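What follows is the content of run.txt (compact mmCIF, C-alpha atoms).
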```
# COMPACT_ATOMS: atom_id res chain seq x y z
CA MET K 12 87.14 62.43 120.83
CA ASN K 13 85.26 59.19 121.21
CA ALA K 14 81.50 58.65 121.58
CA ASP K 15 81.68 58.34 125.40
CA GLN K 16 83.43 61.69 125.75
CA ASP K 17 80.89 63.28 123.38
CA ALA K 18 78.04 61.97 125.51
CA ASP K 19 79.71 63.25 128.69
CA VAL K 20 80.14 66.75 127.29
CA GLU K 21 76.59 66.77 125.93
CA THR K 22 75.19 65.53 129.24
CA LEU K 23 77.24 67.97 131.30
CA TYR K 24 76.32 70.89 129.06
CA GLY K 25 72.65 69.83 129.05
CA LEU K 26 72.55 69.61 132.86
CA HIS K 27 74.05 73.07 133.38
CA ARG K 28 72.75 74.91 130.30
CA ALA K 29 70.10 76.90 132.17
CA GLU K 30 72.60 77.95 134.88
CA LEU K 31 75.19 78.86 132.25
CA ARG K 32 72.61 80.96 130.40
CA ARG K 33 71.69 82.80 133.63
CA LEU K 34 75.37 83.46 134.35
CA LEU K 35 75.97 84.79 130.84
CA LEU K 36 72.81 86.90 130.93
CA ALA K 37 73.84 88.38 134.28
CA ARG K 38 77.30 89.20 132.93
CA VAL K 39 76.35 90.72 129.56
CA GLY K 40 72.81 91.97 130.23
CA ASP K 41 71.57 91.13 126.73
CA PRO K 42 69.57 87.92 126.09
CA VAL K 43 70.66 87.74 122.44
CA GLU K 44 74.34 88.13 123.32
CA ALA K 45 73.96 85.61 126.14
CA GLU K 46 72.53 83.06 123.68
CA ASP K 47 75.35 83.81 121.26
CA LEU K 48 77.93 83.21 124.00
CA LEU K 49 76.12 80.04 125.08
CA GLN K 50 76.34 78.72 121.52
CA GLU K 51 80.05 79.59 121.40
CA LEU K 52 80.51 77.84 124.75
CA TRP K 53 78.87 74.70 123.33
CA LEU K 54 81.22 74.73 120.34
CA ARG K 55 84.29 75.17 122.53
CA ALA K 56 83.16 72.57 125.06
CA ARG K 57 82.92 70.03 122.24
CA GLN K 58 86.61 70.62 121.55
CA ARG K 59 87.71 68.92 124.76
CA PRO K 60 91.02 69.99 126.34
CA ALA K 61 94.11 67.83 125.93
CA GLY K 62 94.18 66.74 129.59
CA PRO K 63 91.53 65.35 131.92
CA VAL K 64 88.94 67.64 133.52
CA ASP K 65 88.37 66.99 137.22
CA ASN K 66 85.32 69.19 137.71
CA GLY K 67 83.30 69.49 134.49
CA ARG K 68 80.81 71.99 135.93
CA ALA K 69 83.59 74.35 137.10
CA TYR K 70 85.29 73.90 133.74
CA LEU K 71 82.15 74.97 131.85
CA PHE K 72 81.55 77.97 134.14
CA ARG K 73 85.19 79.08 133.80
CA MET K 74 84.89 78.81 130.02
CA ALA K 75 81.72 80.90 130.12
CA GLN K 76 83.41 83.56 132.24
CA ASN K 77 86.41 83.59 129.88
CA LEU K 78 84.09 84.09 126.90
CA VAL K 79 82.52 87.10 128.64
CA VAL K 80 85.97 88.58 129.35
CA ASP K 81 87.06 87.96 125.74
CA ARG K 82 83.94 89.69 124.45
CA LEU K 83 84.49 92.65 126.79
CA ARG K 84 88.12 93.02 125.68
CA GLU K 85 87.06 92.86 122.03
CA ARG K 86 84.46 95.57 122.64
CA GLN K 87 87.03 97.77 124.43
CA ARG K 88 89.54 97.39 121.58
CA ARG K 89 86.84 98.28 119.05
CA MET K 90 85.77 101.34 121.05
CA ALA K 91 89.39 102.52 121.42
CA ARG K 92 89.96 102.06 117.68
CA GLU K 93 86.78 103.99 116.86
CA ARG K 94 87.72 106.73 119.35
CA ARG K 95 91.17 107.11 117.74
CA TRP K 96 89.56 107.33 114.31
CA SER K 97 87.01 109.88 115.54
CA ASP K 98 89.73 111.96 117.18
CA GLN K 99 91.75 111.96 113.97
CA GLU K 100 88.76 112.91 111.86
CA SER K 101 87.68 115.70 114.20
CA ASP K 102 91.24 117.01 114.70
CA PHE K 103 91.07 116.21 118.46
CA THR K 104 88.53 118.87 119.21
CA PRO K 105 87.10 118.91 122.74
CA PRO K 106 83.42 118.03 123.28
CA GLY K 107 81.04 120.85 122.45
CA VAL K 108 83.41 122.44 119.93
CA GLU K 109 82.57 122.22 116.26
CA PRO K 110 85.34 120.21 114.51
CA SER K 111 87.06 121.83 111.55
CA ASP K 112 86.71 120.37 108.08
CA ARG K 113 90.14 119.04 107.11
CA ARG K 114 89.31 118.44 103.46
CA GLN K 115 91.02 120.52 100.81
CA THR K 116 89.38 123.78 99.91
CA ALA K 117 88.68 124.62 96.28
CA GLU K 118 91.68 126.97 96.36
CA ASP K 119 93.94 124.18 97.68
CA GLN K 120 92.73 121.87 94.91
CA ILE K 121 93.43 124.48 92.23
CA ILE K 122 96.92 125.12 93.62
CA ALA K 123 97.61 121.36 93.73
CA ARG K 124 96.48 121.00 90.09
CA GLU K 125 98.69 123.90 89.05
CA GLU K 126 101.68 122.34 90.85
CA VAL K 127 101.06 119.00 89.14
CA ALA K 128 100.79 120.73 85.76
CA ALA K 129 104.04 122.65 86.42
CA LEU K 130 105.82 119.41 87.39
CA ALA K 131 104.51 117.58 84.31
CA SER K 132 105.65 120.45 82.10
CA ALA K 133 109.08 120.53 83.75
CA ILE K 134 109.48 116.76 83.29
CA ALA K 135 108.41 117.03 79.64
CA ASN K 136 111.05 119.75 79.05
CA LEU K 137 113.95 117.73 80.53
CA PRO K 138 116.75 116.75 78.17
CA ASP K 139 115.80 113.46 76.49
CA GLY K 140 118.22 111.15 78.35
CA ALA K 141 117.53 112.74 81.72
CA ARG K 142 113.76 112.58 81.11
CA ARG K 143 113.81 108.88 80.22
CA ALA K 144 116.01 108.01 83.21
CA PHE K 145 113.86 110.12 85.54
CA GLU K 146 110.58 108.60 84.33
CA LEU K 147 111.86 105.03 84.58
CA HIS K 148 113.35 105.54 88.03
CA LYS K 149 110.92 107.92 89.75
CA LEU K 150 107.65 107.19 87.97
CA ASP K 151 108.00 103.51 87.05
CA GLY K 152 109.93 102.63 90.21
CA LEU K 153 112.89 100.91 88.56
CA SER K 154 116.27 100.80 90.30
CA HIS K 155 119.28 102.55 88.79
CA ALA K 156 120.61 99.18 87.63
CA GLU K 157 117.30 98.34 85.95
CA VAL K 158 117.16 101.76 84.28
CA ALA K 159 120.75 101.30 83.05
CA GLN K 160 119.87 97.92 81.58
CA ARG K 161 116.70 99.23 79.94
CA LEU K 162 118.45 102.26 78.40
CA GLY K 163 121.62 100.37 77.53
CA ILE K 164 123.89 102.67 79.53
CA SER K 165 126.02 102.30 82.65
CA LYS K 166 124.72 102.75 86.18
CA SER K 167 127.00 105.78 86.43
CA GLY K 168 125.30 107.20 83.33
CA VAL K 169 121.90 106.78 84.99
CA GLU K 170 123.16 108.60 88.09
CA LYS K 171 124.43 111.48 85.93
CA HIS K 172 121.10 111.70 84.09
CA MET K 173 119.27 111.72 87.43
CA ALA K 174 121.52 114.50 88.77
CA VAL K 175 120.82 116.57 85.64
CA ALA K 176 117.07 115.90 85.94
CA MET K 177 116.90 116.81 89.64
CA LYS K 178 118.94 120.00 89.09
CA TYR K 179 116.73 121.03 86.17
CA LEU K 180 113.49 120.27 88.06
CA ARG K 181 114.70 122.14 91.14
CA ARG K 182 115.36 125.24 89.02
CA ALA K 183 112.10 124.94 87.09
CA LEU K 184 109.89 124.44 90.15
CA LEU K 185 111.58 126.60 92.78
CA GLY K 186 112.45 129.46 90.45
```
Represent the supplied structure as structure tokens.
Amino acid sequence: MNADQDADVETLYGLHRAELRRLLLARVGDPVEAEDLLQELWLRARQRPAGPVDNGRAYLFRMAQNLVVDRLRERQRRMARERRWSDQESDFTPPGVEPSDRRQTAEDQIIAREEVAALASAIANLPDGARRAFELHKLDGLSHAEVAQRLGISKSGVEKHMAVAMKYLRRALLG
């Protein structure tokens, strides 16, 4: 953008600034938000379009209107996102109904701890090869090939160890 174009944009914006502010204030109803949009309009107007502008005043007013629409859409997306979150947190209860607390009860926490302890005990009691393969694959996230390499056995050996581990854990945990 050369100096002449800068001056034209500055002059055009300066001439219509008061009208643009009134338009924005009428659209959004908040003087602070209108000033914020006016500042954003100034920044965007300085980034002239690629092609020529026939009617600079109409161009500025269209930009202002587009900024208002963009702000409205952003607000609607935010409200929808917050509504979805609120609905999830309140278990979709209708207005006027007390939402249920979806956090774990003390009993649920105790049961979960007991299940974790039972699983840890069952894993600790696995045959040595099956335990090592299980821990590397399920707990450390290694692939069967990586477990085989780490333990110095074949991939088929890892699969057999995993089958033994899963069978043993199933029996230990399900009774």
Q: Rounded to one decimal place, report the atom CA of K:Ser154-atom CA of K:Leu180 distance in Å.
A: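 That distance, rounded to one decimal, is 19.8 Å.
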Q) Please, what distance in Å, to one decimal, runs between atom CA of K:Gln58 and atom CA of K:Asp41? A) 26.0 Å
Box in all listed atoms of stretch 150-166 of chain K, axis-aligned, with 5 Å more on each side; write out centre and edge lengths in Å to one decimal as lines of an AutoDock Vina configuration file.
```
center_x = 116.8
center_y = 102.6
center_z = 83.9
size_x = 28.4
size_y = 19.3
size_z = 22.8
```
Q | Computed interatomic separation between atom CA of K:Thr22 and atom CA of K:Val64 (Å) | A |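 Between atom CA of K:Thr22 and atom CA of K:Val64 the gap is 14.6 Å.
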Q) So which residues touch stretch 78-94 of chain K within 8 Å, counting only C-alpha atoms, skipping near sequence neighbours fewer than 2 positions away, as an NGL selection string? A) :K and (35 or 38-39 or 48 or 52 or 74-76 or 96-98)
Q.
Set the distance at 12 Å and use all atoms listed in the file: which residues neighbour K:Leu162 once local chain neighbours fewer than 4 positions away are removed? I'd like the list as a PyMOL selection string.
A. chain K and resi 139-148+153+155-158+166+168-169+172
Q | Contacts of stretch 31-34 of chain K within 7 Å, only C-alpha atoms, excl. fewer than 3 positions in-chain, as an MDAnalysis selection string | A | chainID K and resid 27:28 37:38 45 49 72
